[in-house]
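Pasted below: protein.pdb, PDB, C-alpha atoms.
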MODEL        1
ATOM      1  CA  MET A  26      56.837  -8.387 -20.165  1.00  0.00           C
ATOM      2  CA  VAL A  27      57.193  -4.815 -18.891  1.00  0.00           C
ATOM      3  CA  GLN A  28      60.312  -4.289 -16.801  1.00  0.00           C
ATOM      4  CA  LEU A  29      59.427  -2.323 -13.680  1.00  0.00           C
ATOM      5  CA  THR A  30      62.864  -0.757 -13.628  1.00  0.00           C
ATOM      6  CA  ARG A  31      62.066   0.932 -16.953  1.00  0.00           C
ATOM      7  CA  ILE A  32      58.915   2.707 -15.766  1.00  0.00           C
ATOM      8  CA  PRO A  33      58.315   5.199 -12.928  1.00  0.00           C
ATOM      9  CA  VAL A  34      57.334   2.608 -10.331  1.00  0.00           C
ATOM     10  CA  PHE A  35      56.448   5.212  -7.730  1.00  0.00           C
ATOM     11  CA  LEU A  36      53.748   6.508 -10.085  1.00  0.00           C
ATOM     12  CA  THR A  37      52.563   2.958 -10.727  1.00  0.00           C
ATOM     13  CA  PHE A  38      52.189   2.354  -7.006  1.00  0.00           C
ATOM     14  CA  PHE A  39      50.334   5.541  -6.181  1.00  0.00           C
ATOM     15  CA  MET A  40      48.027   5.421  -9.211  1.00  0.00           C
ATOM     16  CA  ILE A  41      46.912   1.863  -8.474  1.00  0.00           C
ATOM     17  CA  HIS A  42      46.924   2.563  -4.730  1.00  0.00           C
ATOM     18  CA  LEU A  43      44.116   5.071  -5.266  1.00  0.00           C
ATOM     19  CA  VAL A  44      41.918   2.300  -6.680  1.00  0.00           C
ATOM     20  CA  HIS A  45      42.802  -0.594  -4.345  1.00  0.00           C
ATOM     21  CA  CYS A  46      43.605   1.187  -1.099  1.00  0.00           C
ATOM     22  CA  GLN A  47      41.609  -1.010   1.272  1.00  0.00           C
ATOM     23  CA  GLN A  48      42.912  -4.537   0.810  1.00  0.00           C
ATOM     24  CA  ILE A  49      45.792  -6.476   2.341  1.00  0.00           C
ATOM     25  CA  GLY A  50      47.811  -8.967   0.300  1.00  0.00           C
ATOM     26  CA  ILE A  51      49.203 -12.346   1.362  1.00  0.00           C
ATOM     27  CA  LEU A  52      52.589 -12.967  -0.227  1.00  0.00           C
ATOM     28  CA  LYS A  53      52.946 -16.249  -2.129  1.00  0.00           C
ATOM     29  CA  TYR A  54      56.613 -17.178  -2.473  1.00  0.00           C
ATOM     30  CA  GLY A  55      58.663 -20.092  -3.813  1.00  0.00           C
ATOM     31  CA  GLY A  56      61.016 -22.498  -2.114  1.00  0.00           C
ATOM     32  CA  GLY A  57      58.502 -24.915  -0.661  1.00  0.00           C
ATOM     33  CA  GLY A  58      57.650 -23.002   2.506  1.00  0.00           C
ATOM     34  CA  ASP A  59      54.007 -22.922   3.614  1.00  0.00           C
ATOM     35  CA  TRP A  60      53.166 -19.331   2.696  1.00  0.00           C
ATOM     36  CA  TYR A  61      49.493 -20.289   3.149  1.00  0.00           C
ATOM     37  CA  SER A  62      49.780 -21.183   6.865  1.00  0.00           C
ATOM     38  CA  ASN A  63      47.493 -19.642   9.506  1.00  0.00           C
ATOM     39  CA  PRO A  64      44.548 -19.312   7.092  1.00  0.00           C
ATOM     40  CA  THR A  65      42.173 -17.735   9.633  1.00  0.00           C
ATOM     41  CA  ALA A  66      44.735 -15.253  10.944  1.00  0.00           C
ATOM     42  CA  MET A  67      44.480 -12.367   8.494  1.00  0.00           C
ATOM     43  CA  PRO A  68      40.674 -12.413   8.141  1.00  0.00           C
ATOM     44  CA  ASN A  69      40.420 -12.236  11.944  1.00  0.00           C
ATOM     45  CA  LEU A  70      42.917  -9.382  12.117  1.00  0.00           C
ATOM     46  CA  ILE A  71      41.061  -7.514   9.391  1.00  0.00           C
ATOM     47  CA  ALA A  72      37.776  -7.894  11.274  1.00  0.00           C
ATOM     48  CA  PHE A  73      39.444  -6.653  14.468  1.00  0.00           C
ATOM     49  CA  CYS A  74      40.905  -3.617  12.674  1.00  0.00           C
ATOM     50  CA  ASN A  75      37.609  -2.712  11.015  1.00  0.00           C
ATOM     51  CA  GLU A  76      35.873  -2.855  14.387  1.00  0.00           C
ATOM     52  CA  ASN A  77      38.505  -1.176  16.529  1.00  0.00           C
ATOM     53  CA  ILE A  78      40.663   1.227  14.499  1.00  0.00           C
ATOM     54  CA  ASN A  79      38.092   2.404  11.943  1.00  0.00           C
ATOM     55  CA  THR A  80      39.620   0.781   8.884  1.00  0.00           C
ATOM     56  CA  LYS A  81      37.411  -0.298   5.999  1.00  0.00           C
ATOM     57  CA  LEU A  82      39.464  -3.217   4.757  1.00  0.00           C
ATOM     58  CA  ASP A  83      38.045  -5.908   2.495  1.00  0.00           C
ATOM     59  CA  ASP A  84      37.025  -8.884   4.643  1.00  0.00           C
ATOM     60  CA  GLN A  85      39.373 -11.270   2.839  1.00  0.00           C
ATOM     61  CA  PRO A  86      43.028 -10.699   1.914  1.00  0.00           C
ATOM     62  CA  GLU A  87      44.216 -11.365  -1.616  1.00  0.00           C
ATOM     63  CA  THR A  88      47.007 -13.789  -2.530  1.00  0.00           C
ATOM     64  CA  ILE A  89      49.812 -12.003  -4.390  1.00  0.00           C
ATOM     65  CA  GLU A  90      52.860 -13.576  -6.048  1.00  0.00           C
ATOM     66  CA  VAL A  91      56.204 -11.928  -5.350  1.00  0.00           C
ATOM     67  CA  GLY A  92      56.998 -11.261  -8.988  1.00  0.00           C
ATOM     68  CA  SER A  93      53.603  -9.907 -10.004  1.00  0.00           C
ATOM     69  CA  ILE A  94      53.024  -6.250 -10.854  1.00  0.00           C
ATOM     70  CA  SER A  95      49.754  -6.651  -8.938  1.00  0.00           C
ATOM     71  CA  ILE A  96      51.748  -6.252  -5.749  1.00  0.00           C
ATOM     72  CA  PHE A  97      51.665  -2.511  -6.363  1.00  0.00           C
ATOM     73  CA  GLN A  98      47.923  -2.506  -5.685  1.00  0.00           C
ATOM     74  CA  TYR A  99      48.368  -3.141  -1.972  1.00  0.00           C
ATOM     75  CA  PRO A 100      49.637  -0.702   0.653  1.00  0.00           C
ATOM     76  CA  MET A 101      50.444  -3.656   2.940  1.00  0.00           C
ATOM     77  CA  ILE A 102      51.580  -7.212   2.217  1.00  0.00           C
ATOM     78  CA  HIS A 103      51.767  -9.945   4.868  1.00  0.00           C
ATOM     79  CA  MET A 104      54.124 -12.912   4.693  1.00  0.00           C
ATOM     80  CA  THR A 105      54.406 -15.951   6.949  1.00  0.00           C
ATOM     81  CA  GLY A 106      55.446 -19.612   7.024  1.00  0.00           C
ATOM     82  CA  HIS A 107      57.551 -22.242   8.780  1.00  0.00           C
ATOM     83  CA  GLY A 108      60.178 -23.220   6.222  1.00  0.00           C
ATOM     84  CA  ASN A 109      62.158 -22.388   3.125  1.00  0.00           C
ATOM     85  CA  VAL A 110      61.804 -19.113   1.228  1.00  0.00           C
ATOM     86  CA  PHE A 111      63.226 -18.388  -2.218  1.00  0.00           C
ATOM     87  CA  PHE A 112      63.111 -15.234  -4.363  1.00  0.00           C
ATOM     88  CA  SER A 113      64.427 -15.178  -7.913  1.00  0.00           C
ATOM     89  CA  SER A 114      66.433 -12.100  -8.892  1.00  0.00           C
ATOM     90  CA  GLU A 115      63.390 -10.745 -10.766  1.00  0.00           C
ATOM     91  CA  GLU A 116      61.126 -11.314  -7.758  1.00  0.00           C
ATOM     92  CA  ALA A 117      63.617  -9.646  -5.428  1.00  0.00           C
ATOM     93  CA  GLU A 118      63.759  -6.638  -7.738  1.00  0.00           C
ATOM     94  CA  ASN A 119      59.974  -6.432  -7.923  1.00  0.00           C
ATOM     95  CA  LEU A 120      59.660  -6.581  -4.140  1.00  0.00           C
ATOM     96  CA  ARG A 121      62.375  -3.959  -3.707  1.00  0.00           C
ATOM     97  CA  ASN A 122      60.637  -1.611  -6.160  1.00  0.00           C
ATOM     98  CA  TYR A 123      57.347  -2.120  -4.338  1.00  0.00           C
ATOM     99  CA  LEU A 124      58.838  -1.276  -0.949  1.00  0.00           C
ATOM    100  CA  LEU A 125      60.812   1.722  -2.178  1.00  0.00           C
ATOM    101  CA  SER A 126      57.701   3.031  -3.926  1.00  0.00           C
ATOM    102  CA  GLY A 127      55.640   3.274  -0.744  1.00  0.00           C
ATOM    103  CA  GLY A 128      54.664  -0.324   0.012  1.00  0.00           C
ATOM    104  CA  PHE A 129      54.997  -2.108   3.348  1.00  0.00           C
ATOM    105  CA  LEU A 130      55.815  -5.755   4.075  1.00  0.00           C
ATOM    106  CA  HIS A 131      55.153  -7.488   7.394  1.00  0.00           C
ATOM    107  CA  ILE A 132      56.866 -10.860   7.785  1.00  0.00           C
ATOM    108  CA  ASP A 133      55.790 -12.992  10.728  1.00  0.00           C
ATOM    109  CA  ASP A 134      58.016 -16.013  11.376  1.00  0.00           C
ATOM    110  CA  ASN A 135      55.642 -18.881  12.128  1.00  0.00           C
ATOM    111  CA  TYR A 136      58.683 -20.745  13.511  1.00  0.00           C
ATOM    112  CA  GLY A 137      61.403 -22.012  11.230  1.00  0.00           C
ATOM    113  CA  MET A 138      61.606 -19.534   8.344  1.00  0.00           C
ATOM    114  CA  GLU A 139      64.137 -17.117   9.864  1.00  0.00           C
ATOM    115  CA  PRO A 140      67.437 -18.424   8.383  1.00  0.00           C
ATOM    116  CA  TYR A 141      65.946 -18.729   4.891  1.00  0.00           C
ATOM    117  CA  LEU A 142      64.295 -15.345   5.124  1.00  0.00           C
ATOM    118  CA  ARG A 143      67.487 -13.557   6.109  1.00  0.00           C
ATOM    119  CA  ARG A 144      69.239 -15.067   3.084  1.00  0.00           C
ATOM    120  CA  GLU A 145      66.516 -13.927   0.679  1.00  0.00           C
ATOM    121  CA  ILE A 146      66.126 -10.443   2.177  1.00  0.00           C
ATOM    122  CA  LYS A 147      69.770  -9.848   1.241  1.00  0.00           C
ATOM    123  CA  LYS A 148      68.710 -10.287  -2.389  1.00  0.00           C
ATOM    124  CA  VAL A 149      66.062  -7.610  -1.950  1.00  0.00           C
ATOM    125  CA  PHE A 150      68.252  -5.165  -0.017  1.00  0.00           C
ATOM    126  CA  PRO A 151      71.933  -6.128  -0.329  1.00  0.00           C
ATOM    127  CA  ASN A 152      73.040  -2.908   1.382  1.00  0.00           C
ATOM    128  CA  LYS A 153      70.310  -2.480   3.983  1.00  0.00           C
ATOM    129  CA  PRO A 154      70.664  -4.636   7.101  1.00  0.00           C
ATOM    130  CA  LEU A 155      67.810  -5.781   9.294  1.00  0.00           C
ATOM    131  CA  GLU A 156      67.872  -3.529  12.361  1.00  0.00           C
ATOM    132  CA  GLU A 157      66.237  -4.378  15.667  1.00  0.00           C
ATOM    133  CA  LEU A 158      63.465  -1.949  16.591  1.00  0.00           C
ATOM    134  CA  GLY A 159      63.512  -0.409  20.030  1.00  0.00           C
ATOM    135  CA  ALA A 160      60.386  -0.284  22.161  1.00  0.00           C
ATOM    136  CA  ASP A 161      60.187   3.445  21.444  1.00  0.00           C
ATOM    137  CA  HIS A 162      59.501   2.917  17.742  1.00  0.00           C
ATOM    138  CA  PRO A 163      56.126   4.402  16.695  1.00  0.00           C
ATOM    139  CA  ILE A 164      54.790   1.000  15.592  1.00  0.00           C
ATOM    140  CA  PHE A 165      54.523   0.075  19.276  1.00  0.00           C
ATOM    141  CA  ASN A 166      52.674   3.291  20.053  1.00  0.00           C
ATOM    142  CA  GLN A 167      49.762   3.499  17.641  1.00  0.00           C
ATOM    143  CA  LYS A 168      46.207   2.888  18.903  1.00  0.00           C
ATOM    144  CA  TYR A 169      47.613   0.378  21.385  1.00  0.00           C
ATOM    145  CA  ARG A 170      50.656   0.878  23.609  1.00  0.00           C
ATOM    146  CA  PHE A 171      53.361  -1.749  23.948  1.00  0.00           C
ATOM    147  CA  PRO A 172      55.935  -0.135  26.248  1.00  0.00           C
ATOM    148  CA  ASP A 173      58.114  -3.261  26.216  1.00  0.00           C
ATOM    149  CA  GLY A 174      58.007  -3.667  22.441  1.00  0.00           C
ATOM    150  CA  LEU A 175      56.887  -6.786  20.573  1.00  0.00           C
ATOM    151  CA  PRO A 176      54.718  -9.113  22.705  1.00  0.00           C
ATOM    152  CA  LYS A 177      55.356 -12.829  23.122  1.00  0.00           C
ATOM    153  CA  ILE A 178      52.407 -14.842  21.796  1.00  0.00           C
ATOM    154  CA  HIS A 179      53.515 -18.438  21.251  1.00  0.00           C
ATOM    155  CA  GLU A 180      56.387 -20.189  23.007  1.00  0.00           C
ATOM    156  CA  HIS A 181      58.913 -22.267  21.071  1.00  0.00           C
ATOM    157  CA  ASP A 182      62.484 -22.005  22.318  1.00  0.00           C
ATOM    158  CA  GLY A 183      62.275 -19.681  25.289  1.00  0.00           C
ATOM    159  CA  LYS A 184      63.752 -16.832  23.250  1.00  0.00           C
ATOM    160  CA  ARG A 185      62.638 -13.247  23.609  1.00  0.00           C
ATOM    161  CA  PRO A 186      60.454 -11.756  20.873  1.00  0.00           C
ATOM    162  CA  GLN A 187      62.247  -9.405  18.505  1.00  0.00           C
ATOM    163  CA  ALA A 188      61.105  -6.970  15.842  1.00  0.00           C
ATOM    164  CA  PHE A 189      63.520  -6.206  13.008  1.00  0.00           C
ATOM    165  CA  GLY A 190      63.109  -3.648  10.289  1.00  0.00           C
ATOM    166  CA  ILE A 191      64.533  -2.279   7.088  1.00  0.00           C
ATOM    167  CA  PHE A 192      64.346   1.463   6.576  1.00  0.00           C
ATOM    168  CA  ASP A 193      64.410   3.709   3.540  1.00  0.00           C
ATOM    169  CA  ASN A 194      65.021   7.401   4.215  1.00  0.00           C
ATOM    170  CA  GLY A 195      63.769   6.907   7.757  1.00  0.00           C
ATOM    171  CA  ARG A 196      60.600   5.076   6.754  1.00  0.00           C
ATOM    172  CA  LEU A 197      60.105   1.519   7.976  1.00  0.00           C
ATOM    173  CA  VAL A 198      59.367  -0.437   4.791  1.00  0.00           C
ATOM    174  CA  LEU A 199      59.786  -4.000   6.098  1.00  0.00           C
ATOM    175  CA  LEU A 200      58.920  -5.392   9.528  1.00  0.00           C
ATOM    176  CA  PHE A 201      60.091  -8.867  10.539  1.00  0.00           C
ATOM    177  CA  THR A 202      58.555 -10.218  13.753  1.00  0.00           C
ATOM    178  CA  TYR A 203      60.554 -13.097  15.223  1.00  0.00           C
ATOM    179  CA  GLU A 204      59.962 -15.447  18.197  1.00  0.00           C
ATOM    180  CA  SER A 205      56.556 -13.862  18.750  1.00  0.00           C
ATOM    181  CA  ASP A 206      54.238 -15.751  16.373  1.00  0.00           C
ATOM    182  CA  LEU A 207      51.620 -13.028  16.099  1.00  0.00           C
ATOM    183  CA  GLY A 208      49.737 -15.038  13.475  1.00  0.00           C
ATOM    184  CA  ASP A 209      49.030 -17.830  15.970  1.00  0.00           C
ATOM    185  CA  GLY A 210      47.290 -15.271  18.143  1.00  0.00           C
ATOM    186  CA  TRP A 211      45.233 -13.984  15.218  1.00  0.00           C
ATOM    187  CA  GLU A 212      43.897 -17.422  14.318  1.00  0.00           C
ATOM    188  CA  ASP A 213      40.549 -18.792  15.476  1.00  0.00           C
ATOM    189  CA  ALA A 214      40.635 -19.451  19.225  1.00  0.00           C
ATOM    190  CA  GLU A 215      40.336 -23.233  18.919  1.00  0.00           C
ATOM    191  CA  VAL A 216      43.376 -23.571  16.624  1.00  0.00           C
ATOM    192  CA  HIS A 217      46.013 -22.962  19.312  1.00  0.00           C
ATOM    193  CA  ASN A 218      43.868 -22.616  22.447  1.00  0.00           C
ATOM    194  CA  ASP A 219      45.710 -19.484  23.501  1.00  0.00           C
ATOM    195  CA  PRO A 220      44.159 -17.538  26.399  1.00  0.00           C
ATOM    196  CA  LYS A 221      41.816 -14.732  25.436  1.00  0.00           C
ATOM    197  CA  GLU A 222      44.164 -12.078  26.811  1.00  0.00           C
ATOM    198  CA  VAL A 223      47.058 -13.426  24.719  1.00  0.00           C
ATOM    199  CA  ARG A 224      44.975 -13.410  21.555  1.00  0.00           C
ATOM    200  CA  LEU A 225      43.838  -9.868  22.297  1.00  0.00           C
ATOM    201  CA  LYS A 226      47.437  -8.745  22.719  1.00  0.00           C
ATOM    202  CA  ALA A 227      48.326 -10.294  19.358  1.00  0.00           C
ATOM    203  CA  LEU A 228      45.380  -8.631  17.617  1.00  0.00           C
ATOM    204  CA  GLN A 229      46.204  -5.260  19.151  1.00  0.00           C
ATOM    205  CA  MET A 230      49.808  -5.494  17.971  1.00  0.00           C
ATOM    206  CA  GLY A 231      48.560  -6.518  14.546  1.00  0.00           C
ATOM    207  CA  ALA A 232      46.247  -3.522  14.485  1.00  0.00           C
ATOM    208  CA  ASN A 233      49.206  -1.279  15.268  1.00  0.00           C
ATOM    209  CA  ILE A 234      51.070  -2.753  12.302  1.00  0.00           C
ATOM    210  CA  VAL A 235      48.114  -2.174   9.986  1.00  0.00           C
ATOM    211  CA  GLU A 236      47.602   1.364  11.254  1.00  0.00           C
ATOM    212  CA  TYR A 237      51.284   2.185  10.816  1.00  0.00           C
ATOM    213  CA  ALA A 238      51.417   0.656   7.325  1.00  0.00           C
ATOM    214  CA  PHE A 239      48.429   2.618   6.072  1.00  0.00           C
ATOM    215  CA  LYS A 240      49.553   5.915   7.601  1.00  0.00           C
ATOM    216  CA  ASN A 241      53.214   5.937   6.593  1.00  0.00           C
TER     217      ASN A 241
ENDMDL
END
Same coordinates, now as structure tokens:
Amino acid sequence: MVQLTRIPVFLTFFMIHLVHCQQIGILKYGGGGDWYSNPTAMPNLIAFCNENINTKLDDQPETIEVGSISIFQYPMIHMTGHGNVFFSSEEAENLRNYLLSGGFLHIDDNYGMEPYLRREIKKVFPNKPLEELGADHPIFNQKYRFPDGLPKIHEHDGKRPQAFGIFDNGRLVLLFTYESDLGDGWEDAEVHNDPKEVRLKALQMGANIVEYAFKN
């Protein structure tokens, strides 16, 4: 098997990126967590983006395993779930190379994955802490304006929504949305019965994330 650390991964990313520049990946991870949750969420977000921010994304996302070199084909990867997350050392290295080579990872806690995720992110970036994003970060000021930062979509514990990030040379490479549950708002209306205005807010924030990921 080719070791990504032995080849110029930034060239790998940008060469493949030119071919597959219009598809979003869904990250499949180990540990038993339901990486496949919210199945209608990403297709709905993609449709919203294609209609409202002039993207030309493939209608369906592609499932990508953490340790696969195929991850380098996707400018943006989405990750979600409720429970345990586990990355092997090889998977953590692959994900780190992907992010440092120009990729972007959005992690949306679907309630319950946060403690496991924080543990595994330390494998990916041992020396880069998760930092809370202020409401002035550009991701909240793309096509849609969110002057108060990350919106609250689904209530669990009465906690405020928070957006955390990891940066590399000033570029946001990883976004972790917590106590917001954006994915619930992206799902088909009948799944959670959220009000139309709440779902729209979730889709608009999702569109901002997509726009930011593809531009930066």
Neighbouring residues of Glu156 of chain A were defined as those with any atom within 12 Å, considering only C-alpha atoms; residues of the same chain fewer than 3 positions away were excluded. Please report them as a ChimeraX atom specification. /A:143,153,159,162,187-193,197-202
Shell of 12 Å around Glu180 of chain A, only C-alpha atoms, local chain residues under 6 positions omitted, as a list in words: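 Residues meeting the cut-off are Asn135, Tyr136, Pro186, Tyr203, Glu204, Ser205, Asp206, Leu207, Asp209, Gly210, His217, Asp219 and Val223 of chain A.
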I need the residue set behind the PyMOL selection byres ((chain A and resi 230-238) around 8) for this file; please write it as a PyMOL selection string. chain A and resi 70+73-74+78+100-101+129+131+163-169+171+175-176+207+226-229+239-241
Can you list what the PyMOL selection byres ((chain A and resi 87) around 9) grabs from this structure, as a PyMOL selection string? chain A and resi 48-52+85-86+88-89
Per residue of segment 123-150 of chain A within 9 Å of segment 107-118 of chain A, record the nearest atom pair and its distance in Å to one decimal, counting all atoms listed in the file, with rows in chain order and ascending residue number, as a tab-separated table.
residue	atom	partner	partner_atom	distance
A:Tyr123	CA	A:Glu118	CA	8.5
A:Asp134	CA	A:His107	CA	6.8
A:Asn135	CA	A:His107	CA	5.1
A:Tyr136	CA	A:His107	CA	5.1
A:Gly137	CA	A:His107	CA	4.6
A:Met138	CA	A:Gly108	CA	4.5
A:Glu139	CA	A:Gly108	CA	8.1
A:Pro140	CA	A:Asn109	CA	8.4
A:Tyr141	CA	A:Val110	CA	5.5
A:Leu142	CA	A:Val110	CA	6.0
A:Arg144	CA	A:Val110	CA	8.7
A:Glu145	CA	A:Phe112	CA	6.2
A:Ile146	CA	A:Ala117	CA	8.0
A:Lys148	CA	A:Ala117	CA	6.0
A:Val149	CA	A:Ala117	CA	4.7
A:Phe150	CA	A:Ala117	CA	8.4
Which residue gives the smallest distance to Thr105 of chain A among A:Pro220, A:Gly127, A:Pro151, A:Pro64, with only C-alpha atoms counted?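 Residue with the minimum atom-to-atom distance to Thr105 of chain A: A:Pro64.
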Around segment 69-78 of chain A, fit a box with edges along x, y and z, padding it by 6 Å on each side, then list its centre and edge lengths in Å to one decimal as JSON.
{"center_x": 39.4, "center_y": -5.5, "center_z": 13.0, "size_x": 19.0, "size_y": 25.5, "size_z": 19.1}
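Relative to atom CA of Tyr61 of chain A, atom CA of Phe97 of chain A is found at 20.3 Å.
Residue nearest Glu90 of chain A within the list A:Leu125, A:Ile102, A:Ala72, A:Ile132: A:Ile102 [criterion: smallest interatomic distance, all atoms listed in the file].
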Which protein, DNA or RNA residues have an atom at most 6 Å from (42.6, -14.5, 13.1), counting only C-alpha atoms? List them as an NGL selection string. :A and (65-70 or 211-213)
What is the atom CA of Leu225 of chain A-atom CA of Gly174 of chain A distance in Å, reported with one decimal?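 Rounded to one decimal, the two atoms are 15.5 Å apart.
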Could you work out how far atom CA of Gly56 of chain A lies from atom CA of Ile94 of chain A, giving the answer in Å with one decimal? 20.1 Å
Taking only C-alpha atoms into account, which of A:Asn218, A:Asn122, A:Gln47, A:Asn63 comes nearest Asn79 of chain A?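 So, comparing all the options, the nearest one is A:Gln47.
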